[in-house]
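In what follows, a single structure is set out as structure tokens and then discussed.
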Amino acid sequence: GALTWETAASGVNITSSATAPSAPSVGDQWFDTSAGVLSSYVTDGTDSDWIDISSANGLAASSGGGGGAMEFISKNTITSNTSYSDFTGISGYTRYILQVDELLGSSGGSDLGLQMMVDGTPHTSAYRYELRQSADGIWGTFLSTYGSYIQILESTSTTSNNKSAATVNISSLHGTARTTAHGVGVSFDNATGRYGPIVFSGADYSNSTACNGLRLLMSTGSIAKGIFTLYGIKDS
């Protein structure tokens with residue numbers, strides 16, 4: 001029968017590992033770090049399985065191992081309060097995938113933002129973005145004026161069993177065109193006390209020179225815990 005999406009009872013989980021989660025719920029996502037493939041757990045009402053949702057968008061490695069292959073670049077693991085998490089000296093790739101796992105903020109209800117950098121110095125203005133999260137109904141954040149980052153997670157928690165996660169697709173980082181970022185995530189909404197899926201997109205309007213770095217930071221307070229993993233994609 002046709003595949004159908006169902007709402008997971010305890011919220012969507014996003015896992016980044018070389019092996020599939022042992023007890024997934026429908027709607028959960030798994031990024032296979034060994035194959036560079038993002039999958040979602042779906043059901044047709046009788047059987048359930050992991051379905052690749054990334055290859056059609058060019059995120060998975062090509063069958064010939066050439067252009068389109070995803071390569072691991074670096075991982076930042078934060079275990080105590082840190083002002084920001086940086087990836088510097090980035091080069092040689094057409095696009096990037098940034099995986100955010102197990103995120104907690106030091107201040108309840110703070111948001112996670114993404115900035116572009118040039119030689120270690122972040123752009124701190126001229127970002128525009130839109131973010132939508134569904135917890136108690138669908139609502140959104142739209143930044144019509146310029147802000148200091150692209151928001152990728154909303155109203156995060158400080159409690160250890162309420163971690164948030166996201167997958168971010170980044171394009172045009174090294175050119176003079178606007179760098180764009182879009183993706184999906186799951187965040188524990190500190191205001192409602194529930195998990196909700198998130199979609200977001202945004203751009204850096206300040207690009208006048210090629211960027212070579214990324215910075216992740218909270219809207220208030222610090223990053224208390226989190227795992228940030230960066231992958232690069234070469235088109236040729």
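If you're wondering about the labels, chains in the structure tokens are A, B, ... by order shown, residues count from 1 in each chain, ligands from 1 in order shown.
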If you count only C-alpha atoms, which residues fall within 9 Å of Ser91 in chain A, apart from same-chain ones fewer than 5 positions away, as a PyMOL selection string? chain A and resi 173-174+211-213+232
Which of A:Ile170, A:Leu114, A:Ile152, A:Leu104 sits closest to Leu131 in chain A [using only C-alpha atoms]: A:Ile152
Which residue of A:Leu153, A:Ala224, A:Ile97, A:Ile90 approaches Gly113 in chain A most closely, using only C-alpha atoms: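 Of all the options, A:Leu153 lies closest to Gly113 in chain A.
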Just the residues within 9 Å of Leu98 in chain A, please, counting only C-alpha atoms, with nothing from its chain fewer than 2 positions along; format it as a PyMOL selection string. chain A and resi 96+100+166-170+228-232
Would you save the residues from that selection as a CSV table (one decimal), in the first residue's frame, using all heavy atoms?
chain,number,residue,atom,x,y,z
A,96,TYR,N,27.4,22.3,2.0
A,96,TYR,CA,27.7,21.7,3.3
A,96,TYR,C,26.5,21.2,4.0
A,96,TYR,O,25.4,21.8,3.8
A,96,TYR,CB,28.4,22.8,4.2
A,96,TYR,CG,29.8,23.2,3.6
A,96,TYR,CD1,29.9,24.2,2.7
A,96,TYR,CD2,30.9,22.5,4.0
A,96,TYR,CE1,31.1,24.6,2.2
A,96,TYR,CE2,32.2,22.9,3.5
A,96,TYR,CZ,32.2,23.9,2.6
A,96,TYR,OH,33.5,24.3,2.1
A,100,VAL,N,23.2,19.0,13.9
A,100,VAL,CA,23.2,19.5,15.2
A,100,VAL,C,22.5,18.4,16.1
A,100,VAL,O,21.3,18.0,15.7
A,100,VAL,CB,22.4,20.8,15.4
A,100,VAL,CG1,22.3,21.2,16.8
A,100,VAL,CG2,23.0,21.9,14.5
A,166,ALA,N,18.9,19.2,14.6
A,166,ALA,CA,18.6,19.8,13.3
A,166,ALA,C,19.6,19.3,12.3
A,166,ALA,O,20.7,19.0,12.6
A,166,ALA,CB,18.5,21.3,13.4
A,167,THR,N,19.1,19.4,11.0
A,167,THR,CA,20.0,19.2,9.9
A,167,THR,C,19.9,20.4,9.0
A,167,THR,O,18.8,20.8,8.6
A,167,THR,CB,19.6,17.9,9.1
A,167,THR,OG1,19.6,16.8,9.9
A,167,THR,CG2,20.5,17.7,7.9
A,168,VAL,N,21.1,21.0,8.7
A,168,VAL,CA,21.2,22.3,8.0
A,168,VAL,C,21.9,22.1,6.7
A,168,VAL,O,23.0,21.6,6.6
A,168,VAL,CB,21.9,23.4,8.8
A,168,VAL,CG1,21.7,24.7,8.2
A,168,VAL,CG2,21.4,23.4,10.3
A,169,ASN,N,21.3,22.5,5.6
A,169,ASN,CA,21.9,22.5,4.2
A,169,ASN,C,22.4,23.9,3.9
A,169,ASN,O,21.6,24.9,4.0
A,169,ASN,CB,20.9,22.1,3.2
A,169,ASN,CG,20.3,20.7,3.5
A,169,ASN,OD1,20.8,19.7,3.0
A,169,ASN,ND2,19.2,20.7,4.3
A,170,ILE,N,23.7,24.1,3.6
A,170,ILE,CA,24.3,25.4,3.4
A,170,ILE,C,24.9,25.5,2.0
A,170,ILE,O,25.6,24.6,1.6
A,170,ILE,CB,25.4,25.7,4.4
A,170,ILE,CG1,24.8,25.6,5.8
A,170,ILE,CG2,26.1,27.0,4.2
A,170,ILE,CD1,25.9,25.5,6.9
A,228,PHE,N,28.1,19.1,17.1
A,228,PHE,CA,27.9,19.7,15.9
A,228,PHE,C,28.9,19.1,14.9
A,228,PHE,O,30.1,19.1,15.1
A,228,PHE,CB,28.3,21.2,16.0
A,228,PHE,CG,27.4,21.9,17.0
A,228,PHE,CD1,27.9,22.1,18.3
A,228,PHE,CD2,26.1,22.3,16.8
A,228,PHE,CE1,27.2,22.8,19.3
A,228,PHE,CE2,25.4,23.0,17.7
A,228,PHE,CZ,25.9,23.2,19.0
A,229,THR,N,28.4,18.5,13.8
A,229,THR,CA,29.1,17.7,12.8
A,229,THR,C,29.0,18.4,11.5
A,229,THR,O,27.8,18.6,11.0
A,229,THR,CB,28.7,16.3,12.8
A,229,THR,OG1,28.7,15.7,14.1
A,229,THR,CG2,29.7,15.5,12.0
A,230,LEU,N,30.1,18.7,10.8
A,230,LEU,CA,30.1,19.3,9.5
A,230,LEU,C,30.5,18.3,8.4
A,230,LEU,O,31.6,17.7,8.5
A,230,LEU,CB,30.9,20.6,9.5
A,230,LEU,CG,30.9,21.4,8.2
A,230,LEU,CD1,29.5,22.0,8.0
A,230,LEU,CD2,32.0,22.5,8.3
A,231,TYR,N,29.8,18.3,7.3
A,231,TYR,CA,30.1,17.5,6.1
A,231,TYR,C,30.2,18.4,4.9
A,231,TYR,O,29.4,19.4,4.8
A,231,TYR,CB,29.1,16.4,5.9
A,231,TYR,CG,28.9,15.4,7.0
A,231,TYR,CD1,28.0,15.7,8.1
A,231,TYR,CD2,29.6,14.3,7.1
A,231,TYR,CE1,27.8,14.9,9.1
A,231,TYR,CE2,29.4,13.4,8.2
A,231,TYR,CZ,28.5,13.7,9.2
A,231,TYR,OH,28.3,12.9,10.2
A,232,GLY,N,31.0,18.1,3.9
A,232,GLY,CA,31.1,18.8,2.7
A,232,GLY,C,30.7,18.0,1.5
A,232,GLY,O,30.8,16.7,1.5
Which residue out of A:Val37, A:Tyr205, A:Pro21, A:Tyr84 has the minimum interatomic distance to Ile53 in chain A when only C-alpha atoms are used?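 Smallest distance to Ile53 in chain A is found for A:Val37.
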Skipping near chain neighbours, those fewer than 2 positions away, what residues fall within 12 Å of Ser155 in chain A using only C-alpha atoms, listed as a count of residues only? 39
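The coordinates place CA of Ser80 in chain A at 23.4 Å from CA of Met116 in chain A.
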As a ChimeraX atom specification, please: every residue in range 130-226 of chain A that DSSP puts in strand (DSSP E). /A:130-135,137-142,150-153,164-171,179-189,194-204,213-218,223-226
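Closest approach to Ser206 in chain A among A:Ser148, A:Lys234, A:Asp119, A:Asp28: A:Ser148, based on only C-alpha atoms.
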Measuring between only C-alpha atoms, which one of A:Thr159, A:Val118, A:Pro24, A:Ile233 shows the shortest distance to Phe72 in chain A?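 Smallest separation from Phe72 in chain A among the options: A:Ile233.
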Would you list the contacts of Gly120 in chain A as a list in words, taking every protein, DNA or RNA residue within 9 Å and counting only C-alpha atoms, but skipping same-chain residues closer than 6 positions in sequence?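 Residues meeting the cut-off are Asp86, Phe87, Thr88, Gly89, Asn212, Gly213 and Leu214 of chain A.
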Could you turn the residues from that selection into a file that holds N, CA, C and O atoms, as a compact mmCIF listing (two decimals), in the first residue's frame?
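File produced: result_25.txt:
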# COMPACT_ATOMS: atom_id res chain seq x y z
N ASP A 86 32.51 27.09 16.58
CA ASP A 86 32.99 27.57 15.28
C ASP A 86 33.55 26.44 14.42
O ASP A 86 34.16 25.48 14.92
N PHE A 87 33.36 26.59 13.11
CA PHE A 87 34.07 25.81 12.10
C PHE A 87 34.81 26.82 11.24
O PHE A 87 34.19 27.65 10.58
N THR A 88 36.13 26.78 11.24
CA THR A 88 36.93 27.78 10.53
C THR A 88 37.81 27.11 9.47
O THR A 88 38.03 25.90 9.49
N GLY A 89 38.30 27.92 8.54
CA GLY A 89 39.19 27.42 7.50
C GLY A 89 38.53 26.45 6.55
O GLY A 89 39.17 25.55 6.01
N ASN A 212 34.52 31.57 4.81
CA ASN A 212 35.25 30.31 5.04
C ASN A 212 35.05 29.78 6.45
O ASN A 212 35.91 29.07 6.98
N GLY A 213 33.91 30.13 7.06
CA GLY A 213 33.65 29.63 8.40
C GLY A 213 32.18 29.75 8.78
O GLY A 213 31.40 30.47 8.14
N LEU A 214 31.82 29.01 9.84
CA LEU A 214 30.46 29.01 10.36
C LEU A 214 30.50 29.13 11.88
O LEU A 214 31.42 28.60 12.52
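CA of Arg178 in chain A to CA of Tyr129 in chain A spans 12.6 Å [interatomic distance, one decimal].
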